[in-house]
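Novice: Next comes the structure file structure.cif, holding mmCIF, C-alpha atoms.
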```cif
data_input
#
loop_
_atom_site.label_atom_id
_atom_site.label_comp_id
_atom_site.auth_asym_id
_atom_site.auth_seq_id
_atom_site.Cartn_x
_atom_site.Cartn_y
_atom_site.Cartn_z
CA MET A 1 16.61 0.51 -37.64
CA GLN A 2 15.57 1.98 -34.29
CA THR A 3 16.15 5.68 -33.50
CA MET A 4 17.47 6.86 -30.13
CA ASN A 5 14.02 8.20 -29.19
CA GLU A 6 12.35 4.89 -30.08
CA LEU A 7 14.92 3.01 -28.05
CA MET A 8 14.37 5.28 -25.02
CA ASP A 9 10.58 4.82 -25.28
CA GLN A 10 11.04 1.06 -25.47
CA LEU A 11 13.36 1.13 -22.46
CA LYS A 12 10.85 3.10 -20.42
CA ARG A 13 8.13 0.52 -21.12
CA GLN A 14 10.50 -2.32 -20.27
CA ILE A 15 11.63 -0.65 -17.02
CA ILE A 16 8.02 -0.10 -15.91
CA GLU A 17 7.06 -3.69 -16.68
CA ARG A 18 10.14 -5.38 -15.22
CA LEU A 19 10.29 -3.26 -12.07
CA ASN A 20 6.50 -3.33 -11.51
CA LEU A 21 6.23 0.47 -11.48
CA LYS A 22 2.46 0.28 -11.73
CA ASP A 23 1.89 3.88 -10.72
CA HIS A 24 4.07 5.12 -13.60
CA THR A 25 3.67 5.59 -17.34
CA PRO A 26 6.49 6.11 -19.85
CA LYS A 27 5.65 9.83 -19.86
CA ASP A 28 6.51 10.01 -16.15
CA ILE A 29 10.11 9.02 -16.84
CA GLY A 30 12.25 11.84 -18.16
CA ASP A 31 14.94 10.97 -20.70
CA ASP A 32 17.62 12.50 -18.47
CA ALA A 33 16.01 12.11 -15.04
CA PRO A 34 18.07 10.12 -12.50
CA LEU A 35 16.74 6.58 -12.13
CA PHE A 36 18.11 6.01 -8.64
CA VAL A 37 17.52 7.80 -5.33
CA GLU A 38 15.83 10.82 -6.87
CA GLY A 39 13.51 10.48 -9.86
CA LEU A 40 12.11 6.94 -9.89
CA GLY A 41 13.80 6.16 -6.58
CA LEU A 42 15.07 2.75 -7.66
CA ASP A 43 17.13 0.63 -5.25
CA SER A 44 19.96 -1.91 -5.43
CA ILE A 45 17.65 -4.82 -6.31
CA ASP A 46 16.25 -2.75 -9.17
CA ALA A 47 19.82 -2.23 -10.37
CA LEU A 48 20.26 -6.01 -10.59
CA GLU A 49 16.98 -6.27 -12.52
CA LEU A 50 18.21 -3.66 -14.99
CA ILE A 51 21.41 -5.66 -15.52
CA VAL A 52 19.27 -8.74 -16.26
CA LEU A 53 17.11 -6.62 -18.58
CA LEU A 54 20.18 -5.61 -20.60
CA GLN A 55 21.26 -9.24 -20.86
CA GLN A 56 17.87 -10.68 -21.80
CA GLU A 57 16.46 -7.97 -24.05
CA TYR A 58 19.63 -6.62 -25.67
CA ASN A 59 22.13 -9.43 -25.22
CA ILE A 60 24.50 -7.03 -23.52
CA LYS A 61 26.51 -7.99 -20.47
CA LEU A 62 27.77 -5.20 -18.25
CA SER A 63 31.45 -6.11 -18.31
CA ARG A 64 32.65 -3.76 -15.58
CA ALA A 65 30.57 -3.34 -12.41
CA GLU A 66 32.07 0.09 -11.79
CA ASP A 67 30.39 1.30 -14.99
CA GLY A 68 26.96 0.63 -13.42
CA PRO A 69 26.26 4.07 -11.90
CA LYS A 70 27.17 5.77 -15.19
CA VAL A 71 25.27 3.35 -17.43
CA PHE A 72 22.13 3.33 -15.27
CA HIS A 73 22.09 7.03 -14.45
CA SER A 74 19.14 7.73 -16.76
CA VAL A 75 17.17 6.23 -19.63
CA ARG A 76 19.35 8.19 -22.05
CA THR A 77 22.63 6.83 -20.62
CA MET A 78 21.19 3.31 -20.79
CA ALA A 79 20.14 3.84 -24.40
CA GLU A 80 23.57 5.23 -25.28
CA TYR A 81 25.26 2.20 -23.70
CA ILE A 82 22.96 -0.15 -25.62
CA THR A 83 23.63 1.72 -28.86
CA GLU A 84 27.36 1.53 -28.28
CA HIS A 85 27.45 -2.14 -27.34
CA SER A 86 24.61 -3.71 -29.33
CA PRO A 87 25.29 -5.62 -32.53
CA GLU A 88 22.14 -3.96 -33.91
CA LYS A 89 23.17 -0.30 -34.11
CA THR A 90 20.54 2.44 -33.76
CA THR A 91 20.40 5.63 -35.79
CA ALA A 92 20.69 9.12 -34.25
CA MET B 25 -12.93 -8.11 9.37
CA GLU B 26 -13.61 -10.08 6.20
CA PHE B 27 -13.11 -8.94 2.61
CA GLN B 28 -14.53 -10.51 -0.50
CA GLN B 29 -14.42 -9.34 -4.09
CA PRO B 30 -16.11 -11.79 -6.47
CA GLY B 31 -14.61 -12.12 -9.93
CA LEU B 32 -11.09 -11.11 -9.01
CA ASN B 33 -8.19 -13.52 -8.88
CA ALA B 34 -5.95 -13.48 -5.83
CA ALA B 35 -3.41 -11.04 -7.26
CA GLY B 36 -6.18 -8.74 -8.50
CA PHE B 37 -7.82 -8.82 -5.10
CA LEU B 38 -4.61 -7.66 -3.40
CA ASP B 39 -4.21 -4.77 -5.84
CA GLU B 40 -7.87 -3.80 -5.45
CA LEU B 41 -7.61 -3.86 -1.67
CA TYR B 42 -4.47 -1.68 -1.90
CA ARG B 43 -6.46 0.89 -3.87
CA HIS B 44 -9.44 0.56 -1.52
CA GLU B 45 -7.25 1.28 1.49
CA GLY B 46 -5.87 4.38 -0.25
CA MET B 47 -2.29 3.37 0.44
CA ALA B 48 0.39 5.48 -1.22
CA TYR B 49 3.29 3.06 -1.00
CA PRO B 50 4.87 2.42 -4.44
CA LYS B 51 7.05 -0.37 -3.03
CA PHE B 52 3.88 -2.43 -2.60
CA HIS B 53 3.81 -3.21 -6.32
CA LYS B 54 7.27 -4.74 -6.18
CA MET B 55 6.43 -7.18 -3.40
CA ASP B 56 5.49 -10.82 -3.78
CA HIS B 57 1.92 -11.87 -2.94
CA LEU B 58 2.74 -13.03 0.59
CA CYS B 59 4.25 -9.66 1.47
CA LYS B 60 1.35 -7.81 -0.13
CA LEU B 61 -1.10 -9.83 1.94
CA GLY B 62 0.87 -9.24 5.15
CA ILE B 63 1.27 -5.52 4.49
CA LEU B 64 -2.44 -5.08 3.74
CA ALA B 65 -3.57 -7.12 6.75
CA THR B 66 -1.29 -5.07 9.02
CA GLU B 67 -2.54 -1.83 7.50
CA ILE B 68 -6.14 -2.80 8.25
CA LEU B 69 -5.25 -4.10 11.71
CA LEU B 70 -3.52 -0.90 12.78
CA LYS B 71 -6.00 1.48 11.19
CA ASN B 72 -7.71 3.47 13.95
CA SER B 73 -5.89 1.40 16.59
CA GLY B 74 -3.93 4.34 17.94
CA HIS B 75 -0.88 2.06 17.88
CA PRO B 76 1.72 4.47 16.45
CA GLN B 77 1.26 6.92 19.31
CA LYS B 78 1.40 4.32 22.08
CA TYR B 79 4.71 2.51 21.60
CA ARG B 80 8.36 3.14 20.82
CA ASP B 81 9.73 1.51 17.65
CA ASP B 82 11.47 -1.25 19.64
CA GLU B 83 8.42 -2.07 21.75
CA THR B 84 6.42 -3.68 18.94
CA GLY B 85 7.19 -7.22 17.82
CA VAL B 86 5.91 -9.24 14.86
CA VAL B 87 5.35 -13.00 15.11
CA LEU B 88 3.84 -14.65 12.05
CA SER B 89 3.22 -18.16 10.82
CA ASN B 90 1.87 -19.96 7.78
CA ARG B 91 1.68 -23.30 6.00
CA HIS B 92 3.35 -22.68 2.65
CA GLY B 93 6.32 -20.52 3.61
CA SER B 94 7.38 -18.58 0.52
CA LEU B 95 6.44 -21.38 -1.89
CA ASP B 96 4.27 -19.09 -4.05
CA VAL B 97 7.23 -16.94 -5.06
CA ASP B 98 9.71 -19.85 -4.89
CA LEU B 99 7.87 -21.48 -7.78
CA LYS B 100 7.82 -18.26 -9.79
CA TYR B 101 11.54 -17.75 -9.16
CA ALA B 102 12.32 -21.32 -10.21
CA LYS B 103 10.63 -20.64 -13.56
CA THR B 104 12.77 -17.54 -14.18
CA MET B 105 15.94 -19.57 -13.60
CA LYS B 106 15.48 -21.16 -17.01
CA THR B 107 15.79 -17.85 -18.85
CA GLY B 108 17.65 -15.67 -16.35
CA ALA B 109 16.97 -15.60 -12.62
CA SER B 110 15.10 -12.54 -11.41
CA PRO B 111 16.81 -10.75 -8.48
CA ALA B 112 13.52 -9.00 -7.65
CA LEU B 113 11.83 -12.38 -7.11
CA PHE B 114 14.83 -13.93 -5.36
CA VAL B 115 14.75 -11.40 -2.52
CA TYR B 116 11.29 -12.66 -1.54
CA THR B 117 12.17 -16.37 -1.43
CA LEU B 118 12.09 -16.50 2.38
CA PRO B 119 8.80 -16.26 4.30
CA ASN B 120 10.18 -13.95 7.00
CA ILE B 121 10.64 -11.22 4.38
CA VAL B 122 7.00 -10.33 4.99
CA ILE B 123 8.00 -9.36 8.55
CA GLY B 124 10.78 -7.21 7.15
CA GLU B 125 8.39 -5.41 4.83
CA ILE B 126 5.93 -4.79 7.68
CA ALA B 127 8.76 -3.56 9.91
CA ILE B 128 10.04 -1.18 7.22
CA ARG B 129 6.57 0.18 6.53
CA HIS B 130 5.77 0.83 10.22
CA LYS B 131 9.33 1.30 11.55
CA PHE B 132 9.04 -1.60 14.00
CA LYS B 133 12.32 -2.66 15.56
CA GLY B 134 11.11 -5.16 18.18
CA GLU B 135 11.56 -8.93 18.35
CA ASN B 136 10.26 -10.90 15.40
CA ALA B 137 9.95 -14.47 14.22
CA PHE B 138 8.31 -16.49 11.48
CA PHE B 139 7.17 -20.11 11.86
CA VAL B 140 5.88 -22.66 9.37
CA PHE B 141 3.18 -25.06 10.59
CA LYS B 142 0.93 -27.54 8.85
CA SER B 143 -2.05 -25.62 10.22
CA PHE B 144 -2.70 -22.64 12.47
CA ASN B 145 -1.19 -23.28 15.90
CA GLY B 146 -2.85 -20.98 18.42
CA ASN B 147 -1.21 -22.77 21.32
CA PHE B 148 2.29 -22.06 20.01
CA ILE B 149 1.56 -18.44 19.04
CA ALA B 150 0.09 -17.70 22.48
CA GLY B 151 3.05 -19.32 24.24
CA TYR B 152 5.68 -17.61 22.12
CA VAL B 153 4.16 -14.13 22.30
CA ASN B 154 3.48 -14.40 26.02
CA GLY B 155 7.11 -15.46 26.46
CA LEU B 156 8.24 -12.25 24.74
CA PHE B 157 5.96 -10.23 27.01
CA GLU B 158 7.18 -12.01 30.16
CA SER B 159 10.78 -11.37 29.11
CA ARG B 160 9.84 -7.69 28.76
CA LEU B 161 11.31 -7.66 25.26
CA ILE B 162 8.21 -6.02 23.78
CA GLN B 163 5.05 -4.29 24.95
CA CYS B 164 2.94 -5.01 21.90
CA CYS B 165 2.88 -7.69 19.22
CA ILE B 166 1.34 -8.19 15.82
CA CYS B 167 0.90 -11.91 15.46
CA GLY B 168 -1.05 -14.54 13.58
CA TRP B 169 -1.22 -16.27 10.21
CA VAL B 170 -0.38 -15.02 6.69
CA ASP B 171 -0.47 -17.66 3.97
CA PHE B 172 -0.51 -17.42 0.19
CA LEU B 173 -0.18 -20.03 -2.55
CA GLY B 174 -1.60 -19.77 -6.06
CA GLU B 175 -5.21 -18.66 -5.67
CA GLU B 176 -5.49 -19.68 -2.02
CA TYR B 177 -4.74 -17.14 0.67
CA HIS B 178 -5.64 -16.43 4.26
CA ALA B 179 -4.58 -13.80 6.77
CA MET B 180 -5.59 -13.54 10.40
CA LEU B 181 -3.64 -11.00 12.42
CA MET B 182 -4.03 -9.91 16.01
CA LEU B 183 -2.75 -6.83 17.81
CA VAL B 184 -1.79 -7.96 21.31
CA GLU B 185 -0.80 -5.55 24.07
CA THR B 186 0.43 -5.92 27.64
CA THR B 187 -1.93 -3.16 28.72
CA HIS B 188 -5.59 -3.69 27.93
CA SER B 189 -9.00 -2.15 28.29
CA GLY B 190 -12.29 -3.78 29.20
CA THR B 191 -13.34 -4.15 25.57
CA ASP B 192 -10.28 -6.16 24.50
CA ILE B 193 -10.49 -9.89 23.82
CA PRO B 194 -8.25 -11.81 26.29
CA PHE B 195 -5.20 -13.37 24.58
CA THR B 196 -6.01 -16.99 25.33
CA VAL B 197 -5.49 -20.08 23.17
CA ALA B 198 -9.26 -20.66 23.02
CA ASN B 199 -9.93 -17.10 21.85
CA ILE B 200 -7.11 -17.18 19.31
CA ASN B 201 -8.34 -20.44 17.80
CA GLN B 202 -11.90 -19.15 17.77
CA LEU B 203 -10.82 -16.00 15.94
CA ASN B 204 -8.91 -18.01 13.36
CA ASN B 205 -11.74 -20.47 12.80
CA ALA B 206 -14.31 -17.67 12.46
CA ASN B 207 -12.19 -16.01 9.77
CA HIS B 208 -11.40 -19.16 7.85
CA GLU B 209 -14.83 -20.59 7.19
#
```
Could I get this file's structure written as structure tokens?

Specialist:
Amino acid sequence: MQTMNELMDQLKRQIIERLNLKDHTPKDIGDDAPLFVEGLGLDSIDALELIVLLQQEYNIKLSRAEDGPKVFHSVRTMAEYITEHSPEKTTA
Amino acid sequence: MEFQQPGLNAAGFLDELYRHEGMAYPKFHKMDHLCKLGILATEILLKNSGHPQKYRDDETGVVLSNRHGSLDVDLKYAKTMKTGASPALFVYTLPNIVIGEIAIRHKFKGENAFFVFKSFNGNFIAGYVNGLFESRLIQCCICGWVDFLGEEYHAMLMLVETTHSGTDIPFTVANINQLNNANHE
């Protein structure tokens, strides 16, 4: 079973690959750093890509659009959402 | 100006040229190949041109053309539709997006248009751009050809101005066609 740290590392690699952040490595992305505007400076199209990432990689559909800013605030909040909603639970 | 890098595929060439030009523009990596080619060609065209100091944002237009539209990314997007359509690819499935990317990068707000032709049409480009000049809509125009499909690509851009010096090439159909032919052999 995957730990929270392993899940966050995996998410960082997936975000870099899917969003073509070629100038970044997983180490550049802080667990709690904001993904949008500051930090990685992602935009609205990136937000849609992250929603697709959740669906394809974790089989999780964001049920309420208004949850988006909270879920995608940082890698940690994404990991927590995945942990909470995935059939395959992670350990702390 | 002609660039060649043996051994690199088309995508690798664009990334290598980006590094060679020393651009620090992270958004470049998110673009489709057509936009990357247009952004790089514009970067090289404007380098040392003194353009940014000479014109207001709304005085520069962009008029581009090509043969394959956005087919390169259209095909990639179509493939993703089987497993989950990619929004990041979808936003590039129009050829005029390359103009948008150039305009964002250089803050151009002048007239712009994108045309798809079977082959380079110097007569049309000259007529259209001169029409914009005569209407006093712009003072300067980046125009030409930016095409990308698979491993085939070609860009030929011109910086055309209403004011000119003795060393400039006159903006005539013959000169435009000659420039394009010289760069496409």

Novice: Counting only C-alpha atoms, give me one row per residue of chain A with an atom at most 9 Å from an atom of chain B, showing the shortest contact pair and its distance in Å to one decimal, sorted by chain then residue number, as a tab-separated table.

Specialist:
```
residue	atom	partner	partner_atom	distance
A:Leu19	CA	B:Lys54	CA	6.8
A:Asn20	CA	B:Lys54	CA	5.6
A:Leu21	CA	B:His53	CA	6.8
A:Lys22	CA	B:His53	CA	6.6
A:Asp23	CA	B:Pro50	CA	7.1
A:Ile45	CA	B:Ala112	CA	6.0
A:Asp46	CA	B:Ala112	CA	7.0
A:Leu48	CA	B:Pro111	CA	6.2
A:Glu49	CA	B:Pro111	CA	6.0
A:Val52	CA	B:Gly108	CA	7.1
A:Gln55	CA	B:Gly108	CA	8.6
A:Gln56	CA	B:Gly108	CA	7.4
```

Novice: Taking the file above as input, evaluate the PyMOL selection byres ((chain A and resi 39) around 12) and report the hits as a list in words.

Specialist: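 Evaluating the PyMOL selection byres ((chain A and resi 39) around 12) on these coordinates yields His24, Asp28, Ile29, Gly30, Asp31, Asp32, Ala33, Pro34, Leu35, Phe36, Val37, Glu38, Leu40, Gly41, Leu42, Asp43, His73, Ser74 and Val75 of chain A.
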
Novice: Of the candidates B:Phe139, B:Tyr79, B:Phe37, B:Phe172, which one gets nearest to Thr187 in chain B if we count all atoms listed in the file?

Specialist: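 Between B:Phe139, B:Tyr79, B:Phe37, B:Phe172, the residue approaching Thr187 in chain B most closely is B:Tyr79.
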
Novice: As an exercise, work out the distance from CA of Ala179 in chain B to CA of His75 in chain B in Å and give it to one decimal place.

Specialist: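 CA of Ala179 in chain B sits 19.7 Å away from CA of His75 in chain B.
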
Novice: Take every atom of range 169-185 of chain B listed in the file, fit an axis-aligned box around them, add 5 Å per side, and give the centre and edge lengths in Å to one decimal as lines of an AutoDock Vina configuration file.

Specialist:
```
center_x = -2.9
center_y = -12.8
center_z = 9.0
size_x = 15.5
size_y = 24.5
size_z = 40.1
```

Novice: Would you compute the distance between CA of Lys131 in chain B and CA of Glu185 in chain B? Give it in Å to one decimal.

Specialist: 17.5 Å

Novice: Which residues are close to Ile123 in chain B, i.e. within 9 Å by only C-alpha atoms, leaving aside same-chain residues fewer than 6 positions away? Reply as a ChimeraX atom specification.

Specialist: /B:59,62-63,86-88,136-138

Novice: One decimal, in Å: what's the spacing between CA of Phe144 in chain B and CA of Asn204 in chain B?

Specialist: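 Separation of CA of Phe144 in chain B and CA of Asn204 in chain B: 7.8 Å.
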
Novice: I need the residue set behind the PyMOL selection byres ((chain A and resi 61) around 12) for this file; please write it as a ChimeraX atom specification.

Specialist: /A:48,50-60,62-65,67-68,71,81-82,85-86

Novice: To verify the selection step, state as a ChimeraX atom specification which residues the PyMOL selection byres ((chain B and resi 135) around 8) yields on this input.

Specialist: /B:82,84-86,133-134,136-137,156,161-162

Novice: List the spatial neighbours of Arg91 in chain B as a PyMOL selection string - criterion: any atom at most 7 Å away, only C-alpha atoms, same-chain residues fewer than 4 positions off excluded.

Specialist: chain B and resi 140-143+171

Novice: Produce a table with one row for each residue of range 50-127 of chain B that has an atom at most 10 Å from any atom of range 39-46 of chain B, each row naming the nearest atom pair and its distance in Å at one decimal; use all atoms listed in the file; arrange rows by chain and rising residue number; format as JSON lines.

Specialist:
```
{"residue": "B:Phe52", "atom": "CA", "partner": "B:Tyr42", "partner_atom": "CA", "distance": 8.4}
{"residue": "B:His53", "atom": "CA", "partner": "B:Asp39", "partner_atom": "CA", "distance": 8.2}
{"residue": "B:His57", "atom": "CA", "partner": "B:Asp39", "partner_atom": "CA", "distance": 9.8}
{"residue": "B:Lys60", "atom": "CA", "partner": "B:Asp39", "partner_atom": "CA", "distance": 8.5}
{"residue": "B:Leu61", "atom": "CA", "partner": "B:Leu41", "partner_atom": "CA", "distance": 9.5}
{"residue": "B:Ile63", "atom": "CA", "partner": "B:Tyr42", "partner_atom": "CA", "distance": 9.4}
{"residue": "B:Leu64", "atom": "CA", "partner": "B:Tyr42", "partner_atom": "CA", "distance": 6.9}
{"residue": "B:Ala65", "atom": "CA", "partner": "B:Leu41", "partner_atom": "CA", "distance": 9.9}
{"residue": "B:Glu67", "atom": "CA", "partner": "B:Glu45", "partner_atom": "CA", "distance": 8.2}
{"residue": "B:Ile68", "atom": "CA", "partner": "B:Glu45", "partner_atom": "CA", "distance": 8.0}
{"residue": "B:Lys71", "atom": "CA", "partner": "B:Glu45", "partner_atom": "CA", "distance": 9.8}
```

Novice: Would you export the selected residues with C-alpha atoms as a compact mmCIF listing (two decimals), in the coordinates of the input, please?

Specialist:
```txt
# COMPACT_ATOMS: atom_id res chain seq x y z
CA PHE B 52 3.88 -2.43 -2.60
CA HIS B 53 3.81 -3.21 -6.32
CA HIS B 57 1.92 -11.87 -2.94
CA LYS B 60 1.35 -7.81 -0.13
CA LEU B 61 -1.10 -9.83 1.94
CA ILE B 63 1.27 -5.52 4.49
CA LEU B 64 -2.44 -5.08 3.74
CA ALA B 65 -3.57 -7.12 6.75
CA GLU B 67 -2.54 -1.83 7.50
CA ILE B 68 -6.14 -2.80 8.25
CA LYS B 71 -6.00 1.48 11.19
```

Novice: Looking at only C-alpha atoms, which of B:Ser89, B:Asn147, B:Ser159, B:Thr117 is the one that sits closest to Tyr101 in chain B?

Specialist: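 With only C-alpha atoms as the atom set, the closest residue is B:Thr117.
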
Novice: Take range 34-62 of chain B, model N, CA and C atoms, and hand the result over as an mmCIF file, in the coordinates of the input.

Specialist:
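Below is the file that was written, result_1.cif:
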```cif
data_model
loop_
_atom_site.group_PDB
_atom_site.id
_atom_site.type_symbol
_atom_site.label_atom_id
_atom_site.label_comp_id
_atom_site.auth_asym_id
_atom_site.auth_seq_id
_atom_site.Cartn_x
_atom_site.Cartn_y
_atom_site.Cartn_z
ATOM 1 N N ALA B 34 -6.611 -13.840 -7.080
ATOM 2 C CA ALA B 34 -5.950 -13.480 -5.830
ATOM 3 C C ALA B 34 -5.081 -12.229 -5.986
ATOM 4 N N ALA B 35 -4.293 -12.186 -7.050
ATOM 5 C CA ALA B 35 -3.410 -11.040 -7.260
ATOM 6 C C ALA B 35 -4.232 -9.765 -7.477
ATOM 7 N N GLY B 36 -5.313 -9.891 -8.253
ATOM 8 C CA GLY B 36 -6.180 -8.740 -8.500
ATOM 9 C C GLY B 36 -6.838 -8.249 -7.238
ATOM 10 N N PHE B 37 -7.203 -9.188 -6.369
ATOM 11 C CA PHE B 37 -7.820 -8.820 -5.100
ATOM 12 C C PHE B 37 -6.862 -7.987 -4.247
ATOM 13 N N LEU B 38 -5.602 -8.404 -4.208
ATOM 14 C CA LEU B 38 -4.610 -7.660 -3.400
ATOM 15 C C LEU B 38 -4.445 -6.236 -3.929
ATOM 16 N N ASP B 39 -4.365 -6.109 -5.252
ATOM 17 C CA ASP B 39 -4.210 -4.770 -5.840
ATOM 18 C C ASP B 39 -5.445 -3.912 -5.591
ATOM 19 N N GLU B 40 -6.622 -4.538 -5.679
ATOM 20 C CA GLU B 40 -7.870 -3.800 -5.450
ATOM 21 C C GLU B 40 -7.975 -3.347 -4.000
ATOM 22 N N LEU B 41 -7.571 -4.210 -3.094
ATOM 23 C CA LEU B 41 -7.610 -3.860 -1.670
ATOM 24 C C LEU B 41 -6.621 -2.726 -1.365
ATOM 25 N N TYR B 42 -5.469 -2.760 -2.037
ATOM 26 C CA TYR B 42 -4.470 -1.680 -1.900
ATOM 27 C C TYR B 42 -5.097 -0.343 -2.287
ATOM 28 N N ARG B 43 -5.809 -0.351 -3.412
ATOM 29 C CA ARG B 43 -6.460 0.890 -3.870
ATOM 30 C C ARG B 43 -7.575 1.279 -2.897
ATOM 31 N N HIS B 44 -8.334 0.300 -2.440
ATOM 32 C CA HIS B 44 -9.440 0.560 -1.520
ATOM 33 C C HIS B 44 -8.953 1.195 -0.224
ATOM 34 N N GLU B 45 -7.805 0.757 0.243
ATOM 35 C CA GLU B 45 -7.250 1.280 1.490
ATOM 36 C C GLU B 45 -6.586 2.647 1.296
ATOM 37 N N GLY B 46 -6.463 3.068 0.040
ATOM 38 C CA GLY B 46 -5.870 4.380 -0.250
ATOM 39 C C GLY B 46 -4.411 4.477 0.144
ATOM 40 N N MET B 47 -3.711 3.363 0.079
ATOM 41 C CA MET B 47 -2.290 3.370 0.440
ATOM 42 C C MET B 47 -1.484 4.062 -0.658
ATOM 43 N N ALA B 48 -0.541 4.887 -0.253
ATOM 44 C CA ALA B 48 0.390 5.480 -1.220
ATOM 45 C C ALA B 48 1.765 4.938 -0.877
ATOM 46 N N TYR B 49 2.047 3.743 -1.358
ATOM 47 C CA TYR B 49 3.290 3.060 -1.000
ATOM 48 C C TYR B 49 3.777 2.313 -2.236
ATOM 49 N N PRO B 50 4.478 3.006 -3.161
ATOM 50 C CA PRO B 50 4.870 2.420 -4.440
ATOM 51 C C PRO B 50 5.597 1.087 -4.315
ATOM 52 N N LYS B 51 6.310 0.890 -3.207
ATOM 53 C CA LYS B 51 7.050 -0.370 -3.030
ATOM 54 C C LYS B 51 6.115 -1.581 -2.987
ATOM 55 N N PHE B 52 4.864 -1.341 -2.655
ATOM 56 C CA PHE B 52 3.880 -2.430 -2.600
ATOM 57 C C PHE B 52 3.866 -3.230 -3.903
ATOM 58 N N HIS B 53 3.926 -2.545 -5.025
ATOM 59 C CA HIS B 53 3.810 -3.210 -6.320
ATOM 60 C C HIS B 53 4.991 -4.124 -6.626
ATOM 61 N N LYS B 54 6.090 -3.916 -5.928
ATOM 62 C CA LYS B 54 7.270 -4.740 -6.180
ATOM 63 C C LYS B 54 7.280 -6.009 -5.334
ATOM 64 N N MET B 55 6.406 -6.053 -4.342
ATOM 65 C CA MET B 55 6.430 -7.180 -3.400
ATOM 66 C C MET B 55 5.810 -8.438 -4.004
ATOM 67 N N ASP B 56 6.160 -9.578 -3.411
ATOM 68 C CA ASP B 56 5.490 -10.820 -3.780
ATOM 69 C C ASP B 56 4.111 -10.854 -3.101
ATOM 70 N N HIS B 57 3.305 -11.839 -3.449
ATOM 71 C CA HIS B 57 1.920 -11.870 -2.940
ATOM 72 C C HIS B 57 1.854 -12.033 -1.423
ATOM 73 N N LEU B 58 2.756 -12.831 -0.868
ATOM 74 C CA LEU B 58 2.740 -13.030 0.590
ATOM 75 C C LEU B 58 2.985 -11.711 1.316
ATOM 76 N N CYS B 59 3.943 -10.958 0.840
ATOM 77 C CA CYS B 59 4.250 -9.660 1.470
ATOM 78 C C CYS B 59 3.088 -8.686 1.284
ATOM 79 N N LYS B 60 2.499 -8.687 0.092
ATOM 80 C CA LYS B 60 1.350 -7.810 -0.130
ATOM 81 C C LYS B 60 0.228 -8.123 0.846
ATOM 82 N N LEU B 61 -0.031 -9.419 1.028
ATOM 83 C CA LEU B 61 -1.100 -9.830 1.940
ATOM 84 C C LEU B 61 -0.776 -9.401 3.374
ATOM 85 N N GLY B 62 0.471 -9.615 3.796
ATOM 86 C CA GLY B 62 0.870 -9.240 5.150
ATOM 87 C C GLY B 62 0.823 -7.740 5.376
#
```
